[in-house]
>>> print(open('coords.txt').read())   # compact mmCIF, C-alpha atoms
# COMPACT_ATOMS: atom_id res chain seq x y z
CA MET I 100 53.17 134.04 140.63
CA ASN I 101 52.77 137.72 139.78
CA HIS I 102 56.42 138.72 139.49
CA VAL I 103 59.42 138.01 137.29
CA PRO I 104 60.88 134.72 138.57
CA THR I 105 63.71 135.14 141.03
CA LYS I 106 66.66 132.82 141.46
CA GLN I 107 64.82 131.14 144.33
CA ASP I 108 61.68 130.76 142.20
CA ILE I 109 63.68 128.86 139.59
CA ILE I 110 65.30 126.67 142.24
CA GLU I 111 61.88 125.88 143.71
CA ALA I 112 60.39 125.20 140.28
CA HIS I 113 63.19 122.74 139.60
CA GLU I 114 62.61 121.01 142.91
CA ARG I 115 58.86 120.93 142.24
CA ILE I 116 59.06 119.29 138.82
CA SER I 117 62.17 117.11 139.15
CA THR I 118 60.34 114.21 140.77
CA HIS I 119 57.80 114.19 137.95
CA ILE I 120 59.92 114.45 134.79
CA PRO I 121 63.33 113.02 133.88
CA ARG I 122 66.49 115.03 133.45
CA THR I 123 67.26 115.18 129.74
CA PRO I 124 70.83 114.40 128.71
CA VAL I 125 73.46 116.72 127.30
CA PHE I 126 75.18 115.36 124.18
CA HIS I 127 78.66 116.34 123.09
CA CYS I 128 79.73 115.36 119.57
CA GLU I 129 83.13 115.95 117.96
CA ALA I 130 81.51 116.28 114.53
CA LEU I 131 79.51 119.28 115.73
CA ASP I 132 82.65 120.70 117.32
CA ARG I 133 84.36 120.53 113.95
CA ALA I 134 81.39 122.10 112.16
CA VAL I 135 81.26 125.05 114.55
CA ARG I 136 84.98 125.10 115.47
CA GLY I 137 84.03 125.26 119.13
CA SER I 138 82.91 122.95 121.92
CA VAL I 139 79.21 122.27 121.39
CA HIS I 140 77.01 120.78 124.11
CA CYS I 141 73.40 120.00 123.16
CA LYS I 142 70.66 119.95 125.79
CA MET I 143 68.40 117.22 124.42
CA GLU I 144 64.92 118.48 125.23
CA CYS I 145 63.91 116.74 121.99
CA LEU I 146 64.33 113.46 123.89
CA MET I 147 61.88 114.34 126.67
CA PRO I 148 59.74 111.17 127.07
CA ASP I 149 56.09 111.23 126.00
CA VAL I 150 55.89 114.85 124.86
CA GLY I 151 59.22 115.29 123.05
CA SER I 152 59.90 118.86 124.15
CA PHE I 153 60.81 121.22 126.99
CA LYS I 154 57.19 122.39 127.27
CA ILE I 155 56.37 119.87 129.99
CA ARG I 156 58.63 121.79 132.39
CA GLY I 157 56.54 124.94 132.42
CA VAL I 158 53.24 123.08 132.33
CA MET I 159 54.24 120.87 135.24
CA ASN I 160 55.32 123.85 137.32
CA ALA I 161 52.13 125.78 136.55
CA LEU I 162 49.70 122.93 137.21
CA LEU I 163 51.45 121.86 140.40
CA SER I 164 51.03 125.45 141.60
CA LEU I 165 47.22 125.39 141.27
CA THR I 166 44.94 125.30 144.29
CA PRO I 167 42.54 122.35 144.76
CA GLU I 168 39.64 124.62 143.80
CA GLU I 169 41.37 125.67 140.59
CA ARG I 170 42.05 122.05 139.69
CA ARG I 171 38.38 121.21 140.09
CA ARG I 172 37.45 123.96 137.61
CA GLY I 173 39.64 122.47 134.91
CA VAL I 174 42.32 124.18 132.86
CA LEU I 175 42.39 125.86 129.46
CA THR I 176 45.18 126.91 127.15
CA GLN I 177 46.02 127.67 123.52
CA SER I 178 48.79 126.09 121.47
CA SER I 179 49.80 124.98 118.01
CA GLY I 180 51.41 121.80 119.27
CA ASN I 181 54.12 121.06 121.83
CA HIS I 182 52.59 123.00 124.70
CA ALA I 183 49.24 121.40 123.88
CA GLN I 184 50.69 117.90 124.16
CA ALA I 185 52.44 118.62 127.45
CA PHE I 186 49.35 120.36 128.84
CA ALA I 187 47.08 117.43 128.02
CA LEU I 188 49.47 114.84 129.45
CA VAL I 189 50.24 116.64 132.72
CA ALA I 190 46.57 117.45 133.29
CA LYS I 191 45.67 113.80 132.72
CA ARG I 192 48.29 112.64 135.22
CA MET I 193 46.92 115.09 137.77
CA GLY I 194 43.28 114.28 137.09
CA ILE I 195 42.46 117.78 135.83
CA PRO I 196 40.09 118.27 132.85
CA ALA I 197 42.04 120.05 130.10
CA THR I 198 40.83 121.97 127.04
CA ILE I 199 43.25 123.17 124.38
CA VAL I 200 42.43 125.72 121.69
CA MET I 201 44.38 124.76 118.55
CA PRO I 202 44.42 126.29 115.06
CA LYS I 203 42.84 124.19 112.33
CA ASN I 204 46.18 123.96 110.51
CA ALA I 205 48.15 122.67 113.52
CA ASN I 206 50.52 119.75 113.01
CA PRO I 207 48.35 116.60 112.68
CA THR I 208 50.79 114.49 114.69
CA LYS I 209 50.64 116.94 117.59
CA LYS I 210 46.83 117.05 117.44
CA ARG I 211 46.66 113.28 117.54
CA ASN I 212 48.94 113.19 120.57
CA VAL I 213 46.80 115.74 122.42
CA LEU I 214 43.75 113.55 121.95
CA GLU I 215 45.64 110.41 122.95
CA PHE I 216 46.79 112.17 126.13
CA GLY I 217 43.18 112.91 127.02
CA GLY I 218 42.93 116.58 126.12
CA LYS I 219 39.85 118.14 124.55
CA ILE I 220 40.63 120.17 121.40
CA VAL I 221 38.62 123.21 120.37
CA GLU I 222 39.67 124.34 116.89
CA CYS I 223 39.97 127.92 115.72
CA GLU I 224 41.18 129.78 112.66
CA PRO I 225 44.96 130.35 112.41
CA GLY I 226 46.36 133.51 113.97
CA ASP I 227 46.79 135.04 117.41
CA ALA I 228 43.52 136.97 117.46
CA PRO I 229 41.26 133.99 116.66
CA ARG I 230 43.07 131.87 119.26
CA GLU I 231 42.73 134.49 121.97
CA GLN I 232 39.06 135.09 121.20
CA MET I 233 38.30 131.38 121.30
CA VAL I 234 40.05 131.07 124.67
CA ARG I 235 37.89 133.90 126.03
CA ASP I 236 34.75 132.24 124.68
CA VAL I 237 35.59 128.83 126.16
CA GLN I 238 36.62 130.32 129.50
CA SER I 239 33.37 132.25 129.70
CA ALA I 240 31.37 129.10 129.02
CA THR I 241 33.28 126.73 131.30
CA GLY I 242 34.96 128.77 134.05
CA ALA I 243 38.22 126.91 133.42
CA VAL I 244 41.52 128.35 134.67
CA VAL I 245 43.43 129.86 131.75
CA ILE I 246 47.16 129.14 131.62
CA HIS I 247 48.98 130.94 128.84
CA PRO I 248 51.53 128.81 126.97
CA PHE I 249 54.40 131.24 127.54
CA ASN I 250 53.22 134.58 128.93
CA ASP I 251 52.95 133.28 132.50
CA TYR I 252 55.67 133.58 135.14
CA ARG I 253 55.01 130.03 136.39
CA ILE I 254 55.61 128.76 132.87
CA ILE I 255 58.76 130.86 132.49
CA ALA I 256 60.17 129.56 135.81
CA GLY I 257 59.54 125.99 134.67
CA GLN I 258 61.19 126.52 131.29
CA ALA I 259 64.19 128.07 133.04
CA THR I 260 65.03 124.67 134.52
CA ALA I 261 66.32 123.37 131.16
CA ALA I 262 69.13 125.93 131.13
CA LYS I 263 69.71 125.37 134.86
CA GLU I 264 70.36 121.68 134.21
CA LEU I 265 72.57 122.50 131.22
CA LEU I 266 74.73 124.83 133.33
CA GLU I 267 74.95 122.23 136.09
CA ASP I 268 76.05 119.54 133.65
CA VAL I 269 78.41 121.77 131.66
CA PRO I 270 79.77 124.55 133.87
CA ASP I 271 81.45 127.66 132.52
CA LEU I 272 79.56 127.89 129.25
CA GLN I 273 80.52 131.02 127.38
CA VAL I 274 77.39 131.02 125.18
CA MET I 275 73.92 129.48 125.31
CA VAL I 276 71.60 129.38 122.32
CA ALA I 277 67.82 128.97 122.48
CA PRO I 278 65.01 129.40 119.95
CA VAL I 279 62.42 132.14 120.36
CA GLY I 280 58.73 132.07 119.54
CA GLY I 281 56.52 133.41 122.31
CA GLY I 282 59.62 133.74 124.47
CA GLY I 283 58.91 131.39 127.39
CA LEU I 284 62.00 129.25 126.90
CA LEU I 285 64.24 132.15 125.93
CA SER I 286 63.19 134.35 128.85
CA GLY I 287 63.65 131.43 131.24
CA THR I 288 67.08 130.73 129.76
CA LEU I 289 68.03 134.38 130.10
CA LEU I 290 67.00 134.51 133.75
CA THR I 291 68.90 131.31 134.50
CA ALA I 292 72.06 132.70 132.91
CA HIS I 293 71.62 136.00 134.76
CA TYR I 294 71.24 134.33 138.16
CA PHE I 295 73.48 131.28 137.89
CA SER I 296 76.12 132.15 135.27
CA PRO I 297 76.16 135.89 134.51
CA GLN I 298 79.26 135.57 132.36
CA THR I 299 77.36 133.37 129.89
CA LYS I 300 75.97 135.20 126.85
CA VAL I 301 72.58 134.09 125.55
CA ILE I 302 71.67 134.42 121.90
CA ALA I 303 68.41 133.41 120.24
CA GLY I 304 67.52 131.84 116.93
CA GLU I 305 64.39 132.87 115.07
CA PRO I 306 63.00 132.01 111.62
CA VAL I 307 63.05 134.81 109.07
CA GLY I 308 59.43 134.02 108.22
CA ALA I 309 58.27 134.77 111.78
CA ASP I 310 60.80 137.29 113.04
CA ASP I 311 58.67 139.34 115.42
CA ALA I 312 61.17 139.03 118.29
CA TYR I 313 63.98 140.43 116.14
CA ARG I 314 61.79 143.30 114.94
CA SER I 315 60.45 143.95 118.42
CA LEU I 316 63.97 144.39 119.78
CA GLN I 317 64.75 146.81 116.96
CA ALA I 318 61.56 148.81 117.57
CA GLY I 319 61.63 148.71 121.37
CA SER I 320 58.04 147.44 121.50
CA ILE I 321 56.20 144.24 120.60
CA GLN I 322 55.76 143.95 116.84
CA PRO I 323 53.44 141.07 115.88
CA ASN I 324 53.80 139.05 112.71
CA LEU I 325 51.22 140.18 110.18
CA THR I 326 52.00 137.08 108.12
CA VAL I 327 54.07 133.98 108.84
CA ASN I 328 55.91 131.71 106.44
CA THR I 329 58.21 129.15 108.04
CA ILE I 330 58.59 125.43 108.59
CA ALA I 331 59.23 126.19 112.29
CA ASP I 332 55.54 126.01 113.19
CA GLY I 333 56.20 126.10 116.93
CA LEU I 334 57.74 129.59 116.73
CA ILE I 335 54.98 131.54 115.02
CA THR I 336 53.41 133.06 118.14
CA LYS I 337 54.04 136.66 119.16
CA LEU I 338 55.92 137.74 122.28
CA GLY I 339 54.01 138.51 125.47
CA ASP I 340 54.12 141.44 127.85
CA LYS I 341 55.86 139.22 130.41
CA THR I 342 58.43 137.61 128.12
CA PHE I 343 59.41 140.63 126.04
CA PRO I 344 60.83 142.82 128.85
CA ILE I 345 63.02 139.93 130.04
CA ILE I 346 64.29 139.34 126.50
CA GLN I 347 64.76 143.04 125.94
CA GLN I 348 66.86 143.37 129.09
CA TYR I 349 69.06 140.29 128.87
CA VAL I 350 69.39 138.80 125.38
CA ASP I 351 72.67 139.44 123.59
CA HIS I 352 71.10 139.36 120.14
CA ILE I 353 68.75 137.39 117.87
CA VAL I 354 69.91 135.54 114.76
CA ARG I 355 67.39 135.12 111.95
CA VAL I 356 67.62 131.91 109.92
CA GLU I 357 66.05 130.88 106.63
CA ASP I 358 63.98 127.71 106.31
CA ALA I 359 66.70 126.11 104.18
CA GLU I 360 69.19 126.74 107.00
CA ILE I 361 66.79 125.18 109.51
CA ALA I 362 66.37 122.12 107.30
CA ALA I 363 70.14 121.81 106.92
CA ALA I 364 70.57 122.01 110.70
CA MET I 365 67.94 119.29 111.17
CA ARG I 366 69.78 117.07 108.72
CA GLU I 367 73.15 117.62 110.38
CA LEU I 368 71.71 116.82 113.81
CA TRP I 369 70.15 113.67 112.40
CA GLU I 370 73.40 112.58 110.76
CA ARG I 371 75.73 113.54 113.63
CA LEU I 372 73.69 113.03 116.81
CA ARG I 373 71.36 110.34 115.38
CA VAL I 374 68.33 112.22 116.69
CA THR I 375 65.23 113.70 115.11
CA VAL I 376 64.85 117.38 115.93
CA GLU I 377 61.80 119.30 114.74
CA PRO I 378 62.27 122.56 112.77
CA SER I 379 61.54 124.79 115.78
CA GLY I 380 64.00 122.79 117.87
CA ALA I 381 66.73 122.99 115.25
CA VAL I 382 66.53 126.78 114.93
CA SER I 383 69.00 127.23 117.78
CA TYR I 384 71.64 125.09 116.07
CA ALA I 385 70.92 126.77 112.72
CA ALA I 386 71.56 130.14 114.37
CA LEU I 387 74.84 128.89 115.82
CA LEU I 388 75.97 127.61 112.44
CA LYS I 389 75.14 130.95 110.85
CA GLU I 390 77.32 132.82 113.35
CA LYS I 391 79.96 130.17 114.01
CA SER I 392 82.82 132.51 113.16
CA SER I 393 81.88 134.61 116.20
CA TYR I 394 82.26 131.69 118.61
CA TYR I 395 85.58 130.15 117.57
CA ARG I 396 86.91 127.81 120.28
CA GLN I 397 84.21 128.83 122.72
CA LYS I 398 82.21 126.51 124.99
CA ILE I 399 78.64 126.61 123.75
CA GLY I 400 75.37 125.17 125.04
CA VAL I 401 72.58 124.64 122.52
CA ILE I 402 69.02 123.87 123.60
CA LEU I 403 67.39 121.50 121.09
CA SER I 404 63.90 122.25 122.26
CA GLY I 405 61.73 119.65 120.54
CA GLY I 406 61.65 116.47 118.50
CA ASN I 407 58.06 116.22 117.27
CA VAL I 408 58.53 115.84 113.53
CA ASP I 409 55.76 114.90 111.13
CA LEU I 410 57.57 112.01 109.44
CA ASP I 411 55.60 112.58 106.24
CA ARG I 412 56.90 116.14 106.01
CA ILE I 413 60.60 116.04 106.92
CA PRO I 414 61.90 119.34 105.49
CA PHE I 415 65.32 118.21 104.32
CA LEU I 416 63.70 115.42 102.29
CA GLN I 417 61.46 117.88 100.44
CA ARG I 418 62.76 118.89 97.04
CA SER I 419 61.22 122.34 97.33
CA LEU I 420 63.81 123.51 99.87
>>> encode(input="coords.txt", output="structure tokens")
Amino acid sequence: MNHVPTKQDIIEAHERISTHIPRTPVFHCEALDRAVRGSVHCKMECLMPDVGSFKIRGVMNALLSLTPEERRRGVLTQSSGNHAQAFALVAKRMGIPATIVMPKNANPTKKRNVLEFGGKIVECEPGDAPREQMVRDVQSATGAVVIHPFNDYRIIAGQATAAKELLEDVPDLQVMVAPVGGGGLLSGTLLTAHYFSPQTKVIAGEPVGADDAYRSLQAGSIQPNLTVNTIADGLITKLGDKTFPIIQQYVDHIVRVEDAEIAAAMRELWERLRVTVEPSGAVSYAALLKEKSSYYRQKIGVILSGGNVDLDRIPFLQRSL
């Protein structure tokens, strides 16, 4: 796909993947309603079987779109975690050799899952530039088909299906909240709202320690993070030239949240919904809490994007926060 996904593209992506992955539930909890003073409906992508995140949507759509010749060549991507897990699992199910470039400091639990799902890991130094160079080197050596983790319209169309399901299950949402890292989920959410529920505002949550999306909107051009410092390890990638224009055109605004606020949101979701949400997945709820006075008595959809927590490093149990 070489164009911004249309409404029909999103419908077809949903049809394509729906027989391969389950529909995640939407949870409504009165305790969260009281905390926000609105009607809060959580799209539980953190409960996605096997991979624990929304990432399988985009991966499934992209890999199902490959030609037989492309499948034979194998596939290659880069990721710090959740995309890597989904990529390895879907490729294994489809019988496609998969290589994933991961930074040396990636979450150990996510690395272990990639290997268990049959993916081959090639390590690189942390940072966007080392990742991208390693992908080029591996592609040159193997001829594998490169699928970017978020800056790919097939990926964006797949990620858009999470918001599509949320709007189908809870019509007439006034606000949707999604996290932003590279922008695949957020841009897909924005397109879904634009096509299927144009009255619904979409806001994004982003960690202060990796706030390139916020700064990019302010500057009017992509501003990479020169340094990152956040517990939300899944949101430390920069925006892409496909995701940024969509975000720039449609997002209402971006809310920056501190790590302590992310940890508090994780704890509240654990206590109230009885679910484990990873830091990157809890950023959307943290952003809602931070701006709750703006959404009094409104009907709000929150995408809890992932649940892959390293149980030895649960942030709200660390005394340093």
>>> closest_residue(input="coords.txt", among="I:Pro124, I:Pro167, I:Gly380, I:Gly180", to="Met147 (chain I)", atoms="only C-alpha atoms")
I:Pro124
>>> closest_residue(input="coords.txt", among="I:Ala243, I:Val150, I:Ser404, I:Ala183", to="Arg171 (chain I)", atoms="all atoms listed in the file")
I:Ala243
>>> residues_around(input="coords.txt", residues="Ala331 (chain I)", least_positions_apart="3", cutoff="7 Å", atoms="only C-alpha atoms", output="list in words")
Pro306, Leu334, Pro378 and Ser379 of chain I
>>> residues_near_point(input="coords.txt", point="(52.5, 121.9, 142.6)", cutoff="12 Å", atoms="only C-alpha atoms", output="PDB file with C-alpha atoms, in the frame of the given file")
ATOM      1  CA  GLU I 111      61.880 125.880 143.710  1.00  0.00           C
ATOM      2  CA  ALA I 112      60.390 125.200 140.280  1.00  0.00           C
ATOM      3  CA  HIS I 113      63.190 122.740 139.600  1.00  0.00           C
ATOM      4  CA  GLU I 114      62.610 121.010 142.910  1.00  0.00           C
ATOM      5  CA  ARG I 115      58.860 120.930 142.240  1.00  0.00           C
ATOM      6  CA  ILE I 116      59.060 119.290 138.820  1.00  0.00           C
ATOM      7  CA  SER I 117      62.170 117.110 139.150  1.00  0.00           C
ATOM      8  CA  THR I 118      60.340 114.210 140.770  1.00  0.00           C
ATOM      9  CA  HIS I 119      57.800 114.190 137.950  1.00  0.00           C
ATOM     10  CA  ARG I 156      58.630 121.790 132.390  1.00  0.00           C
ATOM     11  CA  GLY I 157      56.540 124.940 132.420  1.00  0.00           C
ATOM     12  CA  VAL I 158      53.240 123.080 132.330  1.00  0.00           C
ATOM     13  CA  MET I 159      54.240 120.870 135.240  1.00  0.00           C
ATOM     14  CA  ASN I 160      55.320 123.850 137.320  1.00  0.00           C
ATOM     15  CA  ALA I 161      52.130 125.780 136.550  1.00  0.00           C
ATOM     16  CA  LEU I 162      49.700 122.930 137.210  1.00  0.00           C
ATOM     17  CA  LEU I 163      51.450 121.860 140.400  1.00  0.00           C
ATOM     18  CA  SER I 164      51.030 125.450 141.600  1.00  0.00           C
ATOM     19  CA  LEU I 165      47.220 125.390 141.270  1.00  0.00           C
ATOM     20  CA  THR I 166      44.940 125.300 144.290  1.00  0.00           C
ATOM     21  CA  PRO I 167      42.540 122.350 144.760  1.00  0.00           C
ATOM     22  CA  GLU I 169      41.370 125.670 140.590  1.00  0.00           C
ATOM     23  CA  ARG I 170      42.050 122.050 139.690  1.00  0.00           C
ATOM     24  CA  VAL I 189      50.240 116.640 132.720  1.00  0.00           C
ATOM     25  CA  ALA I 190      46.570 117.450 133.290  1.00  0.00           C
ATOM     26  CA  MET I 193      46.920 115.090 137.770  1.00  0.00           C
ATOM     27  CA  ARG I 253      55.010 130.030 136.390  1.00  0.00           C
ATOM     28  CA  GLY I 257      59.540 125.990 134.670  1.00  0.00           C
TER      29      GLY I 257
END
>>> residues_near_point(input="coords.txt", point="(78.5, 121.7, 132.0)", cutoff="12 Å", atoms="all atoms listed in the file", output="VMD selection string")
chain I and resid 124 to 127 138 to 142 262 to 275 296 299 398 to 401
>>> residues_around(input="coords.txt", residues="Ile345 (chain I)", least_positions_apart="4", cutoff="8 Å", atoms="only C-alpha atoms", output="VMD selection string")
chain I and resid 286 289 to 290 341 349 to 350
>>> atom_distance(input="coords.txt", atom1="CA of Arg172 (chain I)", atom2="CA of Val244 (chain I)")
6.7 Å
>>> atom_distance(input="coords.txt", atom1="CA of Ala309 (chain I)", atom2="CA of Asp358 (chain I)")
10.6 Å
>>> atom_distance(input="coords.txt", atom1="CA of Pro196 (chain I)", atom2="CA of Asn250 (chain I)")
21.3 Å
>>> build_atoms(input="coords.txt", residues="region 152-166 of chain I", atoms="N, CA and C atoms", output="mmCIF file, keeping the file's coordinate frame")
data_model
loop_
_atom_site.group_PDB
_atom_site.id
_atom_site.type_symbol
_atom_site.label_atom_id
_atom_site.label_comp_id
_atom_site.auth_asym_id
_atom_site.auth_seq_id
_atom_site.Cartn_x
_atom_site.Cartn_y
_atom_site.Cartn_z
ATOM 1 N N SER I 152 59.448 117.467 124.137
ATOM 2 C CA SER I 152 59.900 118.860 124.150
ATOM 3 C C SER I 152 60.004 119.373 125.584
ATOM 4 N N PHE I 153 60.611 120.551 125.700
ATOM 5 C CA PHE I 153 60.810 121.220 126.990
ATOM 6 C C PHE I 153 59.494 121.686 127.610
ATOM 7 N N LYS I 154 58.433 121.745 126.832
ATOM 8 C CA LYS I 154 57.190 122.390 127.270
ATOM 9 C C LYS I 154 56.631 121.782 128.558
ATOM 10 N N ILE I 155 56.913 120.514 128.802
ATOM 11 C CA ILE I 155 56.370 119.870 129.990
ATOM 12 C C ILE I 155 56.902 120.509 131.275
ATOM 13 N N ARG I 156 58.053 121.149 131.207
ATOM 14 C CA ARG I 156 58.630 121.790 132.390
ATOM 15 C C ARG I 156 57.721 122.907 132.898
ATOM 16 N N GLY I 157 57.386 123.827 132.017
ATOM 17 C CA GLY I 157 56.540 124.940 132.420
ATOM 18 C C GLY I 157 55.143 124.507 132.807
ATOM 19 N N VAL I 158 54.582 123.571 132.032
ATOM 20 C CA VAL I 158 53.240 123.080 132.330
ATOM 21 C C VAL I 158 53.208 122.408 133.701
ATOM 22 N N MET I 159 54.194 121.571 133.960
ATOM 23 C CA MET I 159 54.240 120.870 135.240
ATOM 24 C C MET I 159 54.332 121.857 136.390
ATOM 25 N N ASN I 160 55.177 122.858 136.248
ATOM 26 C CA ASN I 160 55.320 123.850 137.320
ATOM 27 C C ASN I 160 54.015 124.614 137.535
ATOM 28 N N ALA I 161 53.364 124.999 136.440
ATOM 29 C CA ALA I 161 52.130 125.780 136.550
ATOM 30 C C ALA I 161 50.997 124.960 137.168
ATOM 31 N N LEU I 162 50.817 123.723 136.703
ATOM 32 C CA LEU I 162 49.700 122.930 137.210
ATOM 33 C C LEU I 162 49.925 122.473 138.643
ATOM 34 N N LEU I 163 51.164 122.211 139.011
ATOM 35 C CA LEU I 163 51.450 121.860 140.400
ATOM 36 C C LEU I 163 51.247 123.044 141.344
ATOM 37 N N SER I 164 51.210 124.247 140.785
ATOM 38 C CA SER I 164 51.030 125.450 141.600
ATOM 39 C C SER I 164 49.558 125.801 141.808
ATOM 40 N N LEU I 165 48.641 125.087 141.151
ATOM 41 C CA LEU I 165 47.220 125.390 141.270
ATOM 42 C C LEU I 165 46.662 124.980 142.629
ATOM 43 N N THR I 166 45.641 125.672 143.070
ATOM 44 C CA THR I 166 44.940 125.300 144.290
ATOM 45 C C THR I 166 43.976 124.150 143.989
#
